[in-house]
$ cat final_33.tsv   # TSV, C-alpha atoms and all ligand atoms
chain	number	residue	atom	x	y	z
A	1	MET	CA	0.00	0.00	0.00
A	2	GLY	CA	1.09	3.53	-0.69
A	3	THR	CA	0.70	6.59	1.51
A	4	LEU	CA	-1.42	9.68	1.02
A	5	PHE	CA	0.52	12.83	1.90
A	6	VAL	CA	-1.63	15.89	2.66
A	7	ILE	CA	0.61	18.87	2.01
A	8	GLY	CA	0.26	22.54	2.91
A	9	THR	CA	1.48	24.88	0.17
A	10	PRO	CA	2.06	28.68	0.07
A	11	ILE	CA	-0.84	31.16	0.35
A	12	GLY	CA	1.00	33.64	-1.86
A	13	ASN	CA	4.72	33.81	-1.32
A	14	LEU	CA	6.25	30.73	-2.94
A	15	GLU	CA	9.04	30.66	-0.36
A	16	ASP	CA	6.53	29.59	2.28
A	17	ILE	CA	6.91	25.87	1.84
A	18	THR	CA	8.65	23.43	4.12
A	19	LEU	CA	11.72	21.42	3.19
A	20	ARG	CA	9.77	18.26	3.94
A	21	ALA	CA	6.93	19.32	1.62
A	22	LEU	CA	9.43	19.84	-1.20
A	23	ARG	CA	11.09	16.48	-0.57
A	24	ILE	CA	7.76	14.63	-0.53
A	25	LEU	CA	6.54	16.43	-3.68
A	26	LYS	CA	9.74	15.22	-5.38
A	27	GLU	CA	9.37	11.67	-4.08
A	28	VAL	CA	5.70	10.81	-4.63
A	29	ASP	CA	4.45	9.08	-7.76
A	30	VAL	CA	1.55	11.42	-8.39
A	31	ILE	CA	0.29	14.79	-7.13
A	32	ALA	CA	-3.46	15.30	-6.91
A	33	CYS	CA	-4.12	19.02	-7.17
A	34	GLU	CA	-7.00	21.46	-7.47
A	35	ASP	CA	-5.84	23.35	-10.54
A	36	THR	CA	-2.93	21.83	-12.43
A	37	ARG	CA	-1.84	25.26	-13.74
A	38	VAL	CA	-1.45	26.64	-10.21
A	39	THR	CA	0.46	23.62	-8.93
A	40	LYS	CA	2.64	23.56	-12.05
A	41	LYS	CA	3.78	27.10	-11.22
A	42	LEU	CA	4.83	26.02	-7.73
A	43	LEU	CA	6.59	22.90	-9.02
A	44	GLU	CA	8.37	24.82	-11.79
A	45	HIS	CA	9.64	27.30	-9.19
A	46	TYR	CA	11.30	24.37	-7.39
A	47	GLN	CA	12.22	22.47	-10.57
A	48	ILE	CA	10.04	19.51	-9.72
A	49	GLN	CA	8.58	17.46	-12.55
A	50	LYS	CA	5.72	15.22	-11.61
A	51	THR	CA	2.54	13.68	-12.94
A	52	LEU	CA	-0.43	15.80	-11.90
A	53	ILE	CA	-4.02	14.62	-11.53
A	54	SER	CA	-6.76	17.17	-11.04
A	55	TYR	CA	-8.80	16.68	-7.90
A	56	HIS	CA	-11.18	19.50	-7.01
A	57	GLN	CA	-14.49	20.21	-5.29
A	58	HIS	CA	-16.47	19.04	-8.33
A	59	SER	CA	-14.49	15.84	-8.79
A	60	LYS	CA	-16.70	12.81	-9.02
A	61	VAL	CA	-16.60	9.85	-6.69
A	62	GLU	CA	-14.85	7.90	-9.48
A	63	LYS	CA	-11.82	10.18	-9.12
A	64	VAL	CA	-11.62	9.42	-5.39
A	65	ASP	CA	-12.01	5.69	-6.14
A	66	PHE	CA	-9.24	5.94	-8.74
A	67	LEU	CA	-6.86	7.57	-6.26
A	68	VAL	CA	-7.69	4.96	-3.60
A	69	TYR	CA	-7.06	2.24	-6.20
A	70	LYS	CA	-3.65	3.74	-7.03
A	71	LEU	CA	-2.76	3.89	-3.33
A	72	LYS	CA	-3.76	0.23	-2.95
A	73	GLU	CA	-1.49	-0.57	-5.89
A	74	GLY	CA	1.35	0.86	-3.84
A	75	LYS	CA	1.63	4.34	-5.36
A	76	ASN	CA	2.42	7.27	-3.07
A	77	ILE	CA	0.18	10.25	-3.69
A	78	ALA	CA	0.40	13.85	-2.51
A	79	VAL	CA	-2.69	16.00	-2.33
A	80	VAL	CA	-2.41	19.79	-2.47
A	81	SER	CA	-4.85	22.63	-3.00
A	82	ASP	CA	-4.25	25.87	-4.90
A	83	ALA	CA	-3.10	27.57	-1.72
A	84	GLY	CA	-2.73	26.77	1.94
A	85	THR	CA	-3.93	23.68	3.71
A	86	PRO	CA	-6.07	21.08	1.91
A	87	GLY	CA	-9.39	20.47	3.61
A	88	ILE	CA	-9.65	23.99	5.05
A	89	SER	CA	-12.36	25.50	2.80
A	90	ASP	CA	-10.67	23.48	0.08
A	91	PRO	CA	-10.94	19.97	-1.38
A	92	GLY	CA	-9.21	17.19	0.50
A	93	GLY	CA	-11.70	16.06	3.12
A	94	VAL	CA	-13.60	13.57	0.97
A	95	LEU	CA	-10.41	11.96	-0.29
A	96	VAL	CA	-8.93	11.75	3.22
A	97	LYS	CA	-12.14	10.09	4.50
A	98	ALA	CA	-12.13	7.50	1.71
A	99	VAL	CA	-8.43	6.77	2.21
A	100	ALA	CA	-8.87	6.43	5.98
A	101	GLU	CA	-11.81	4.07	5.44
A	102	ALA	CA	-9.65	1.94	3.16
A	103	ASP	CA	-7.12	1.69	6.01
A	104	ILE	CA	-4.41	3.35	3.97
A	105	LYS	CA	-1.73	5.42	5.67
A	106	ILE	CA	-2.18	9.21	5.68
A	107	GLU	CA	0.57	11.63	6.62
A	108	VAL	CA	0.27	15.37	7.00
A	109	ILE	CA	2.96	17.81	5.95
A	110	PRO	CA	1.74	20.92	7.73
A	111	GLY	CA	2.15	24.27	6.09
A	112	PRO	CA	0.57	27.68	5.71
A	113	SER	CA	-3.09	28.47	6.03
A	114	ALA	CA	-4.70	31.88	5.67
A	115	LEU	CA	-6.66	30.98	8.82
A	116	THR	CA	-3.71	30.54	11.17
A	117	ALA	CA	-1.64	33.24	9.44
A	118	ALA	CA	-4.37	35.82	10.08
A	119	LEU	CA	-5.03	34.67	13.64
A	120	SER	CA	-1.36	34.91	14.50
A	121	ILE	CA	-1.21	38.61	13.63
A	122	ALA	CA	-4.69	39.56	14.81
A	123	GLY	CA	-3.50	40.88	18.15
A	124	LEU	CA	-6.83	39.75	19.62
A	125	PRO	CA	-7.40	37.09	22.27
A	126	VAL	CA	-7.84	34.11	19.97
A	127	ASP	CA	-7.17	31.17	22.27
A	128	ARG	CA	-10.79	30.26	21.52
A	129	PHE	CA	-12.50	31.13	18.24
A	130	THR	CA	-15.16	30.11	15.73
A	131	PHE	CA	-14.17	29.54	12.12
A	132	LEU	CA	-16.96	29.85	9.55
A	133	GLY	CA	-15.10	29.20	6.29
A	134	PHE	CA	-16.95	31.35	3.70
A	135	LEU	CA	-20.21	32.96	4.80
A	136	PRO	CA	-23.20	31.65	2.85
A	137	HIS	CA	-24.32	34.06	0.11
A	138	LYS	CA	-28.02	33.71	0.80
A	139	LYS	CA	-29.63	31.07	3.00
A	140	GLY	CA	-28.60	31.37	6.64
A	141	ARG	CA	-26.37	34.39	6.03
A	142	GLU	CA	-28.26	36.88	8.19
A	143	THR	CA	-28.68	34.41	11.06
A	144	LEU	CA	-24.96	33.69	11.02
A	145	ILE	CA	-24.09	37.38	10.98
A	146	LYS	CA	-26.42	38.01	13.94
A	147	GLU	CA	-24.77	35.13	15.79
A	148	LEU	CA	-21.29	36.41	15.23
A	149	VAL	CA	-22.28	39.93	16.25
A	150	ASP	CA	-23.49	38.44	19.57
A	151	SER	CA	-20.63	35.99	20.01
A	152	LYS	CA	-18.46	36.18	23.13
A	153	HIS	CA	-15.58	34.64	21.23
A	154	PRO	CA	-13.79	35.89	18.13
A	155	THR	CA	-15.13	34.71	14.79
A	156	ILE	CA	-13.00	34.29	11.70
A	157	PHE	CA	-14.07	33.76	8.11
A	158	TYR	CA	-12.81	33.95	4.53
A	159	GLU	CA	-14.08	36.60	2.17
A	160	SER	CA	-13.69	37.40	-1.50
A	161	VAL	CA	-13.05	40.75	-3.10
A	162	HIS	CA	-16.60	40.75	-4.53
A	163	ARG	CA	-18.26	40.67	-1.14
A	164	ILE	CA	-15.94	42.31	1.35
A	165	GLU	CA	-17.68	45.71	1.23
A	166	LYS	CA	-21.15	44.18	1.35
A	167	THR	CA	-20.16	42.03	4.33
A	168	LEU	CA	-18.68	44.95	6.24
A	169	LEU	CA	-21.79	46.98	5.54
A	170	GLN	CA	-23.99	44.17	6.83
A	171	LEU	CA	-21.89	43.81	9.98
A	172	TYR	CA	-22.30	47.53	10.55
A	173	GLU	CA	-26.06	47.37	9.91
A	174	PHE	CA	-26.40	44.51	12.40
A	175	GLY	CA	-24.85	46.77	15.03
A	176	LEU	CA	-21.27	45.53	15.11
A	177	ASN	CA	-19.22	48.27	16.66
A	178	ARG	CA	-16.25	46.28	17.95
A	179	GLU	CA	-12.67	45.82	16.90
A	180	MET	CA	-12.14	43.77	13.75
A	181	VAL	CA	-9.05	42.77	11.87
A	182	ILE	CA	-9.05	42.24	8.14
A	183	CYS	CA	-6.01	40.66	6.54
A	184	ARG	CA	-5.65	41.20	2.84
A	185	GLU	CA	-3.22	39.44	0.50
A	186	LEU	CA	-1.14	37.86	3.26
A	187	THR	CA	2.45	37.08	2.24
A	188	LYS	CA	1.97	38.92	-1.08
A	189	ILE	CA	3.14	42.32	-2.35
A	190	TYR	CA	-0.03	44.15	-1.32
A	191	GLU	CA	-0.35	42.56	2.11
A	192	THR	CA	-2.42	44.93	4.25
A	193	VAL	CA	-3.93	44.60	7.71
A	194	TYR	CA	-6.91	46.77	8.55
A	195	ARG	CA	-7.88	47.23	12.18
A	196	GLY	CA	-10.92	48.99	13.62
A	197	THR	CA	-14.72	48.85	13.60
A	198	PRO	CA	-16.59	47.96	10.40
A	199	LYS	CA	-17.25	51.66	9.95
A	200	ASP	CA	-13.55	52.56	10.26
A	201	ILE	CA	-12.49	49.86	7.84
A	202	LEU	CA	-15.20	50.70	5.31
A	203	ALA	CA	-13.99	54.28	5.30
A	204	ASN	CA	-10.44	53.04	4.72
A	205	LEU	CA	-11.42	50.71	1.91
A	206	LYS	CA	-13.43	53.44	0.17
A	207	ASP	CA	-10.18	55.28	-0.54
A	208	GLU	CA	-8.67	52.31	-2.31
A	209	GLU	CA	-9.27	50.17	-5.30
A	210	ILE	CA	-10.23	46.95	-3.57
A	211	LYS	CA	-8.38	43.88	-4.75
A	212	GLY	CA	-7.24	40.56	-3.38
A	213	GLU	CA	-8.18	37.87	-0.91
A	214	PHE	CA	-9.34	38.54	2.61
A	215	VAL	CA	-9.54	36.96	6.03
A	216	VAL	CA	-11.94	38.66	8.44
A	217	ILE	CA	-11.66	38.39	12.22
A	218	VAL	CA	-14.33	39.86	14.47
A	219	SER	CA	-13.39	40.19	18.14
A	220	GLY	CA	-15.61	38.63	20.79
A	221	LYS	CA	-18.24	40.67	22.58
B	1	LIG	N1	-7.11	26.16	2.19
B	1	LIG	C1	-6.79	27.56	2.22
B	1	LIG	C2	-6.06	27.88	3.51
B	1	LIG	O1	-5.63	26.97	4.19
B	1	LIG	O2	-5.89	29.07	3.80
B	1	LIG	C3	-8.03	28.41	2.03
B	1	LIG	C4	-8.67	28.21	0.69
B	1	LIG	S1	-10.09	29.16	0.42
B	1	LIG	C5	-10.70	28.46	-1.06
B	1	LIG	C6	-9.47	30.67	-0.22
B	1	LIG	C7	-9.73	31.84	0.71
B	1	LIG	O3	-8.73	31.88	1.72
B	1	LIG	C8	-9.64	33.17	0.01
B	1	LIG	O4	-10.86	33.54	-0.62
B	1	LIG	C9	-9.32	34.10	1.15
B	1	LIG	O5	-10.47	34.41	1.89
B	1	LIG	C10	-8.39	33.21	1.99
B	1	LIG	N2	-7.00	33.43	1.58
B	1	LIG	C11	-6.22	32.58	0.88
B	1	LIG	N3	-5.00	33.12	0.69
B	1	LIG	C12	-5.02	34.33	1.28
B	1	LIG	C13	-4.06	35.36	1.43
B	1	LIG	N4	-2.84	35.27	0.91
B	1	LIG	N5	-4.43	36.47	2.13
B	1	LIG	C14	-5.65	36.59	2.65
B	1	LIG	N6	-6.61	35.65	2.54
B	1	LIG	C15	-6.29	34.53	1.87

$ encode --input "final_33.tsv" --output "structure tokens" --more "lines below"
Ligand code: SAM
Amino acid sequence: MGTLFVIGTPIGNLEDITLRALRILKEVDVIACEDTRVTKKLLEHYQIQKTLISYHQHSKVEKVDFLVYKLKEGKNIAVVSDAGTPGISDPGGVLVKAVAEADIKIEVIPGPSALTAALSIAGLPVDRFTFLGFLPHKKGRETLIKELVDSKHPTIFYESVHRIEKTLLQLYEFGLNREMVICRELTKIYETVYRGTPKDILANLKDEEIKGEFVVIVSGK
């Protein structure tokens, strides 16, 4: 039997990858990745040539079965996402479950995640927190926002450039007047950390052309 290696990859800066991750990426037989173009870029940067198989959130059960079959044949497989840690708002979980059920060895090669990166520079008490992944666009969105506005503990979620202003506006409308931290483009050229109430941050964002990826942390009540 082979081993499934679940590998954390950079969230922007390509230097943020462990020596072990690079060694395993070189050694495995196959890399299952979300978008082959993204992973190719990372591999080219480190001069690694490897067979890539696409495995993403829309992959069918047959793809998981195929990977399990390859592992049973004795192949070692790495799974990576486009950025950060597989399984954290990214594909990986379904494959890991199937591989665990087949009693095949799974090893983790920990690496970056936008979640932990943002928490570590939040400067808020985050020994206990709620992580929501992405907020739903419609169903359940308002209830969740109300909950986080009332939460005693910090809440953290991922947000896209298309919704960041709308989300901040909603937080403000639901009465959130506490400290928040928004981390934009962590580890990249335009890395920016905004601190303040939703109102403060909205005013800040208004002066800029908004671009990039965001992690939002709302302090506890
Ligand atoms: N699995 C990834 C991880 O461990 O961080 C998260 C994948 S999720 C599909 C992508 C979201 O993570 C983005 O929309 C953004 O909210 C957040 N994100 C990823 N990279 C980021 C970065 N460099 N700076 C800020 N947020 C980032």

$ residues_around --input "final_33.tsv" --residues "range 152-158 of chain A" --least-positions-apart "2" --cutoff "8 Å" --atoms "all atoms listed in the file" --output "list in words"
Leu115, Pro125, Val126, Arg128, Phe129, Thr130, Phe131, Leu132, Gly133, Phe134, Leu135, Leu148, Asp150, Ser160, Phe214, Val215, Val216, Ile217, Val218, Ser219, Gly220 and Lys221 of chain A

$ atom_distance --input "final_33.tsv" --atom1 "CA of Glu191 in chain A" --atom2 "CA of Lys166 in chain A"
20.9 Å

$ closest_atom_pairs --input "final_33.tsv" --of "chain A" --to "ligand LIG 1 (chain B)" --cutoff "7 Å" --atoms "all atoms listed in the file" --output "Markdown table"
| residue | atom | partner | partner_atom | distance |
| --- | --- | --- | --- | --- |
| A:Ile11 | CA | B:LIG1 | N4 | 4.6 |
| A:Gly12 | CA | B:LIG1 | N4 | 5.0 |
| A:Ser81 | CA | B:LIG1 | N1 | 6.7 |
| A:Ala83 | CA | B:LIG1 | C1 | 5.4 |
| A:Gly84 | CA | B:LIG1 | O1 | 3.7 |
| A:Thr85 | CA | B:LIG1 | O1 | 3.7 |
| A:Pro86 | CA | B:LIG1 | N1 | 5.2 |
| A:Gly87 | CA | B:LIG1 | N1 | 6.3 |
| A:Ile88 | CA | B:LIG1 | N1 | 4.4 |
| A:Ser89 | CA | B:LIG1 | S1 | 4.9 |
| A:Asp90 | CA | B:LIG1 | N1 | 4.9 |
| A:Pro112 | CA | B:LIG1 | O1 | 6.4 |
| A:Ser113 | CA | B:LIG1 | O1 | 3.5 |
| A:Ala114 | CA | B:LIG1 | O2 | 3.6 |
| A:Leu115 | CA | B:LIG1 | O2 | 5.4 |
| A:Tyr158 | CA | B:LIG1 | O5 | 3.6 |
| A:Glu159 | CA | B:LIG1 | O5 | 4.2 |
| A:Ser160 | CA | B:LIG1 | O4 | 4.9 |
| A:Cys183 | CA | B:LIG1 | C14 | 5.6 |
| A:Arg184 | CA | B:LIG1 | C14 | 4.6 |
| A:Glu185 | CA | B:LIG1 | N5 | 3.6 |
| A:Leu186 | CA | B:LIG1 | N5 | 3.7 |
| A:Thr187 | CA | B:LIG1 | N4 | 5.7 |
| A:Lys188 | CA | B:LIG1 | N4 | 6.4 |
| A:Glu213 | CA | B:LIG1 | N6 | 4.4 |
| A:Phe214 | CA | B:LIG1 | N6 | 4.0 |
| A:Val215 | CA | B:LIG1 | N6 | 4.7 |

$ atom_distance --input "final_33.tsv" --atom1 "CA of Arg23 in chain A" --atom2 "CA of Leu4 in chain A"
14.3 Å

$ closest_residue --input "final_33.tsv" --among "A:Ile182, A:Leu43, A:Ala100, A:Ala203" --to "Thr3 in chain A" --atoms "only C-alpha atoms"
A:Ala100

$ residues_around --input "final_33.tsv" --residues "Ile24 in chain A" --least-positions-apart "5" --cutoff "9 Å" --atoms "only C-alpha atoms" --output "compact mmCIF listing (two decimals) with C-alpha atoms, keeping the file's coordinate frame"
# COMPACT_ATOMS: atom_id res chain seq x y z
CA PHE A 5 0.52 12.83 1.90
CA ILE A 7 0.61 18.87 2.01
CA LEU A 19 11.72 21.42 3.19
CA ALA A 78 0.40 13.85 -2.51
CA ILE A 109 2.96 17.81 5.95

$ residues_around --input "final_33.tsv" --residues "Leu52 in chain A" --least-positions-apart "2" --cutoff "9 Å" --atoms "all atoms listed in the file" --output "ChimeraX atom specification"
/A:30-33,36,39-40,50,54

$ residues_around --input "final_33.tsv" --residues "Leu42 in chain A" --least-positions-apart "4" --cutoff "8 Å" --atoms "only C-alpha atoms" --output "MDAnalysis selection string"
chainID A and resid 14 38 46

$ atom_distance --input "final_33.tsv" --atom1 "CA of Tyr55 in chain A" --atom2 "CA of Glu34 in chain A"
5.1 Å

$ closest_residue --input "final_33.tsv" --among "A:Lys139, A:Ala117, A:Leu124, A:Tyr172" --to "Pro10 in chain A" --atoms "all atoms listed in the file"
A:Ala117

$ residues_near_point --input "final_33.tsv" --point "(6.3, 6.1, -9.5)" --cutoff "10 Å" --atoms "only C-alpha atoms" --output "number ranges by chain"
A: 27-30, 50-51, 74-77

$ residues_around --input "final_33.tsv" --residues "Lys206 in chain A" --least-positions-apart "6" --cutoff "12 Å" --atoms "all atoms listed in the file" --output "list in words"
Ile164, Glu165, Leu168, Leu169, Lys199 and Asp200 of chain A

$ closest_residue --input "final_33.tsv" --among "A:Glu44, A:Asp35, A:Glu173, A:Asp65" --to "Asp82 in chain A" --atoms "only C-alpha atoms"
A:Asp35
